[in-house]
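Shown here: coords-v1.tsv, TSV, C-alpha atoms and all ligand atoms.
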chain	number	residue	atom	x	y	z
A	1	MET	CA	5.84	43.64	-4.66
A	2	GLY	CA	6.40	40.49	-6.71
A	3	GLN	CA	3.64	38.30	-8.11
A	4	ALA	CA	4.20	35.78	-5.32
A	5	GLU	CA	3.09	38.15	-2.55
A	6	TRP	CA	0.05	39.28	-4.53
A	7	ALA	CA	-0.78	35.62	-5.25
A	8	ARG	CA	-0.49	34.62	-1.60
A	9	GLU	CA	-2.91	37.33	-0.46
A	10	LEU	CA	-5.33	36.57	-3.30
A	11	ALA	CA	-5.27	32.84	-2.50
A	12	ARG	CA	-5.75	33.62	1.20
A	13	THR	CA	-8.79	35.79	0.44
A	14	ILE	CA	-10.33	33.12	-1.80
A	15	LEU	CA	-9.51	29.92	0.11
A	16	GLU	CA	-8.81	30.50	3.80
A	17	GLU	CA	-12.37	30.79	5.04
A	18	PRO	CA	-14.43	28.51	2.78
A	19	LEU	CA	-11.77	25.83	2.23
A	20	PRO	CA	-9.27	25.80	5.12
A	21	ARG	CA	-7.81	22.43	4.16
A	22	ARG	CA	-7.24	23.54	0.55
A	23	TRP	CA	-5.62	26.67	1.97
A	24	ALA	CA	-3.30	24.51	4.10
A	25	HIS	CA	-2.44	22.44	1.02
A	26	SER	CA	-1.74	25.58	-0.98
A	27	GLN	CA	0.58	26.87	1.76
A	28	GLY	CA	2.51	23.59	1.59
A	29	VAL	CA	2.71	23.70	-2.21
A	30	ALA	CA	3.95	27.30	-2.08
A	31	ALA	CA	6.61	26.37	0.50
A	32	LYS	CA	7.81	23.65	-1.88
A	33	ALA	CA	7.88	26.19	-4.71
A	34	GLU	CA	10.01	28.52	-2.58
A	35	SER	CA	12.45	25.65	-2.04
A	36	LEU	CA	12.97	25.40	-5.82
A	37	ALA	CA	14.38	28.93	-6.09
A	38	PRO	CA	17.96	27.58	-6.54
A	39	ILE	CA	16.99	25.79	-9.78
A	40	LEU	CA	14.55	28.41	-11.13
A	41	GLY	CA	16.40	31.67	-10.67
A	42	SER	CA	14.35	34.61	-11.94
A	43	GLU	CA	11.34	32.36	-12.68
A	44	ALA	CA	10.92	31.36	-9.04
A	45	ASP	CA	8.47	34.22	-8.42
A	46	LEU	CA	6.16	32.98	-11.18
A	47	LEU	CA	6.29	29.40	-9.94
A	48	ILE	CA	5.55	30.47	-6.36
A	49	ALA	CA	2.61	32.58	-7.58
A	50	SER	CA	1.21	29.60	-9.49
A	51	ALA	CA	1.64	27.38	-6.44
A	52	TRP	CA	-0.43	29.75	-4.29
A	53	LEU	CA	-3.16	29.99	-6.92
A	54	HIS	CA	-3.28	26.55	-8.56
A	55	ASP	CA	-6.34	25.34	-6.62
A	56	ILE	CA	-8.40	28.54	-6.22
A	57	GLY	CA	-10.89	27.11	-8.72
A	58	TYR	CA	-12.22	24.85	-5.95
A	59	ALA	CA	-13.63	27.88	-4.10
A	60	PRO	CA	-17.45	27.88	-4.18
A	61	ASP	CA	-17.58	31.43	-5.54
A	62	LEU	CA	-15.33	30.54	-8.48
A	63	ILE	CA	-17.05	27.35	-9.63
A	64	ASP	CA	-18.31	27.60	-13.19
A	65	THR	CA	-17.56	24.49	-15.25
A	66	GLY	CA	-16.79	22.51	-12.09
A	67	PHE	CA	-13.32	21.73	-13.43
A	68	HIS	CA	-11.09	23.60	-10.98
A	69	PRO	CA	-8.02	24.26	-13.20
A	70	LEU	CA	-10.20	25.93	-15.84
A	71	ASP	CA	-12.39	27.80	-13.35
A	72	GLY	CA	-9.33	29.09	-11.46
A	73	ALA	CA	-7.57	30.17	-14.65
A	74	ARG	CA	-10.68	31.94	-15.94
A	75	TYR	CA	-10.99	33.89	-12.69
A	76	LEU	CA	-7.33	34.92	-12.91
A	77	ARG	CA	-7.73	35.99	-16.53
A	78	ASP	CA	-11.12	37.71	-16.35
A	79	VAL	CA	-11.24	39.18	-12.85
A	80	GLU	CA	-7.60	39.64	-11.90
A	81	ARG	CA	-6.24	40.27	-15.43
A	82	ALA	CA	-3.32	38.04	-14.48
A	83	ASP	CA	-0.55	37.39	-16.97
A	84	ALA	CA	-1.12	34.68	-19.54
A	85	THR	CA	1.79	32.53	-18.38
A	86	LEU	CA	0.42	32.37	-14.86
A	87	CYS	CA	-3.09	31.59	-16.14
A	88	GLY	CA	-1.66	28.81	-18.33
A	89	LEU	CA	0.21	27.24	-15.44
A	90	VAL	CA	-2.99	27.12	-13.37
A	91	ALA	CA	-5.14	25.92	-16.30
A	92	TYR	CA	-2.83	22.99	-17.10
A	93	HIS	CA	-1.52	22.15	-13.63
A	94	SER	CA	-0.63	18.60	-12.68
A	95	GLY	CA	-1.89	16.84	-15.79
A	96	ALA	CA	-5.14	18.81	-16.09
A	97	ILE	CA	-5.14	18.23	-19.85
A	98	ASN	CA	-5.93	14.55	-19.31
A	99	GLU	CA	-8.70	15.31	-16.84
A	100	ALA	CA	-10.13	17.88	-19.27
A	101	ARG	CA	-10.23	15.18	-21.95
A	102	GLU	CA	-12.10	12.83	-19.61
A	103	ARG	CA	-14.57	15.58	-18.70
A	104	GLY	CA	-15.20	16.62	-22.30
A	105	LEU	CA	-13.65	20.03	-21.65
A	106	ILE	CA	-10.45	19.72	-23.63
A	107	ASP	CA	-11.61	21.94	-26.50
A	108	LEU	CA	-12.53	24.73	-24.08
A	109	LEU	CA	-9.27	24.42	-22.18
A	110	THR	CA	-7.03	24.45	-25.25
A	111	ALA	CA	-9.01	27.25	-26.93
A	112	GLU	CA	-8.78	29.52	-23.90
A	113	PHE	CA	-5.33	28.88	-22.44
A	114	HIS	CA	-1.85	28.00	-23.59
A	115	GLU	CA	0.33	25.54	-21.79
A	116	GLY	CA	3.55	27.23	-20.80
A	117	ARG	CA	7.11	25.96	-20.75
A	118	SER	CA	7.47	22.42	-19.53
A	119	GLU	CA	10.13	23.27	-16.92
A	120	LEU	CA	7.69	25.41	-14.94
A	121	ALA	CA	4.83	22.95	-15.42
A	122	GLU	CA	7.07	20.15	-14.13
A	123	ALA	CA	8.15	22.24	-11.17
A	124	LEU	CA	4.50	22.89	-10.26
A	125	ILE	CA	3.72	19.17	-10.56
A	126	TYR	CA	6.61	18.44	-8.21
A	127	CYS	CA	5.31	20.91	-5.62
A	128	ASP	CA	1.68	19.76	-5.84
A	129	ILE	CA	2.32	16.02	-5.93
A	130	THR	CA	4.75	15.97	-2.99
A	131	THR	CA	2.34	17.89	-0.75
A	132	GLY	CA	-0.56	16.24	1.06
A	133	PRO	CA	-4.14	17.52	1.23
A	134	SER	CA	-3.43	19.40	4.48
A	135	GLY	CA	0.01	20.63	3.47
A	136	GLU	CA	1.98	17.61	4.69
A	137	ARG	CA	5.25	16.62	3.05
A	138	PHE	CA	4.48	13.50	1.05
A	139	THR	CA	6.45	11.30	-1.29
A	140	VAL	CA	4.88	11.14	-4.74
A	141	HIS	CA	3.80	7.56	-4.03
A	142	GLU	CA	2.10	8.55	-0.76
A	143	ARG	CA	0.33	11.35	-2.58
A	144	LEU	CA	-0.89	9.14	-5.43
A	145	ALA	CA	-2.15	6.57	-2.91
A	146	GLU	CA	-3.88	9.31	-0.91
A	147	ILE	CA	-5.69	10.65	-3.99
A	148	ARG	CA	-6.81	7.16	-5.03
A	149	ALA	CA	-8.08	6.45	-1.50
A	150	ARG	CA	-9.85	9.81	-1.20
A	151	TYR	CA	-11.76	9.54	-4.48
A	152	GLY	CA	-12.16	5.77	-4.54
A	153	PRO	CA	-12.13	3.26	-7.37
A	154	GLY	CA	-14.31	4.12	-10.33
A	155	ASP	CA	-14.09	7.88	-9.80
A	156	LEU	CA	-12.98	9.98	-12.76
A	157	VAL	CA	-10.16	11.51	-10.70
A	158	THR	CA	-8.81	8.07	-9.79
A	159	ARG	CA	-8.92	7.07	-13.45
A	160	VAL	CA	-7.10	10.25	-14.46
A	161	ILE	CA	-4.41	9.66	-11.83
A	162	GLY	CA	-3.71	6.35	-13.56
A	163	ILE	CA	-3.34	8.13	-16.89
A	164	ASN	CA	-1.19	10.89	-15.38
A	165	GLU	CA	1.03	8.71	-13.20
A	166	PRO	CA	3.95	8.37	-15.69
A	167	LEU	CA	3.90	12.13	-16.36
A	168	LEU	CA	3.81	12.95	-12.65
A	169	LEU	CA	6.64	10.53	-11.80
A	170	ALA	CA	8.76	11.88	-14.67
A	171	ALA	CA	8.26	15.46	-13.50
A	172	VAL	CA	9.27	14.61	-9.93
A	173	ALA	CA	12.36	12.74	-11.16
A	174	SER	CA	13.34	15.65	-13.39
A	175	VAL	CA	13.04	18.23	-10.59
A	176	GLU	CA	14.86	15.99	-8.11
A	177	ALA	CA	17.71	15.57	-10.61
A	178	ALA	CA	17.94	19.33	-11.08
A	179	LEU	CA	17.97	19.83	-7.30
A	180	ALA	CA	20.71	17.21	-6.90
A	181	ASP	CA	22.79	19.11	-9.47
A	182	VAL	CA	22.79	22.33	-7.46
A	183	ARG	CA	23.49	20.69	-4.09
B	201	FE	FE	-5.43	21.14	-8.35

Let's see the structure in the file written out as structure tokens.
Amino acid sequence: MGQAEWARELARTILEEPLPRRWAHSQGVAAKAESLAPILGSEADLLIASAWLHDIGYAPDLIDTGFHPLDGARYLRDVERADATLCGLVAYHSGAINEARERGLIDLLTAEFHEGRSELAEALIYCDITTGPSGERFTVHERLAEIRARYGPGDLVTRVIGINEPLLLAAVASVEAALADVR
């Protein structure tokens, strides 16, 4: 059994009942990750696993700092003894470093986890940021608008989306270019 299947069942156990919408989102993100297999080769399994697990830190039972990338990664490290690369992908997903800075958690995040290779981080951004909150297929612009509308002006998350926007757009462009190359 690959990491992806283990990750799917773990994410299902953690998210399906308390957070059905987050579970639907995670299913959509994982489906996107599966679609990137042609450009990721042997690393596809790791990306798919990270897609299933990236948002588990939202689950009520996992909340510790209240910053979901860090809480999810800590659970994977401490309870599941997951591999460090997978923990790093979850800890730093979708521009989490900038949100950690805004929340005053950057020292904790960088002390505890290492950001992995940028290709996988970019691939996870692509999957997350082109999937809506209920698993819909979104363009990156629809997704950014949805996040801004959901959190509202003045919210920390909305502010962080502004900081992250260039990084998110660059990641999507990079993955789309790689996909175009293999088609
Ligand atoms: Fe997330």

Practice prompt. Write out as a ChimeraX atom specification the residues lying within 10 Å of Ala145 in chain A, counting all atoms listed in the file and excluding same-chain residues fewer than 6 positions away.
Written response: /A:139,158,161

Response to the item:
re CA of Ala49 in chain A and CA of Ile163 in chain A: distance 26.8 Å

Discussion item. My list of candidates is A:Ala100, A:Asn164, A:Glu34, A:Leu108. Which is closest to Ala123 in chain A when distances are computed with all atoms listed in the file?
Written reply: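 Smallest separation from Ala123 in chain A among the options: A:Glu34.
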
What does the list of residues within 8 Å of ligand FE 201 (chain B) look like if you count only C-alpha atoms and all ligand atoms, written as a compact mmCIF listing (two decimals) with C-alpha atoms, in the coordinates of the input?
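The resulting pocket39.txt:
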# COMPACT_ATOMS: atom_id res chain seq x y z
CA HIS A 54 -3.28 26.55 -8.56
CA ASP A 55 -6.34 25.34 -6.62
CA HIS A 68 -11.09 23.60 -10.98
CA PRO A 69 -8.02 24.26 -13.20
CA HIS A 93 -1.52 22.15 -13.63
CA SER A 94 -0.63 18.60 -12.68
CA ASP A 128 1.68 19.76 -5.84

For range 27-30 of chain A, take all atoms listed in the file, fit an axis-aligned box around them, add 8 Å to each of the six sides, then output centre and edge lengths in Å rounded to one decimal, as AutoDock Vina command-line options.
--center_x 2.3 --center_y 25.4 --center_z -0.2 --size_x 19.4 --size_y 19.7 --size_z 20.0
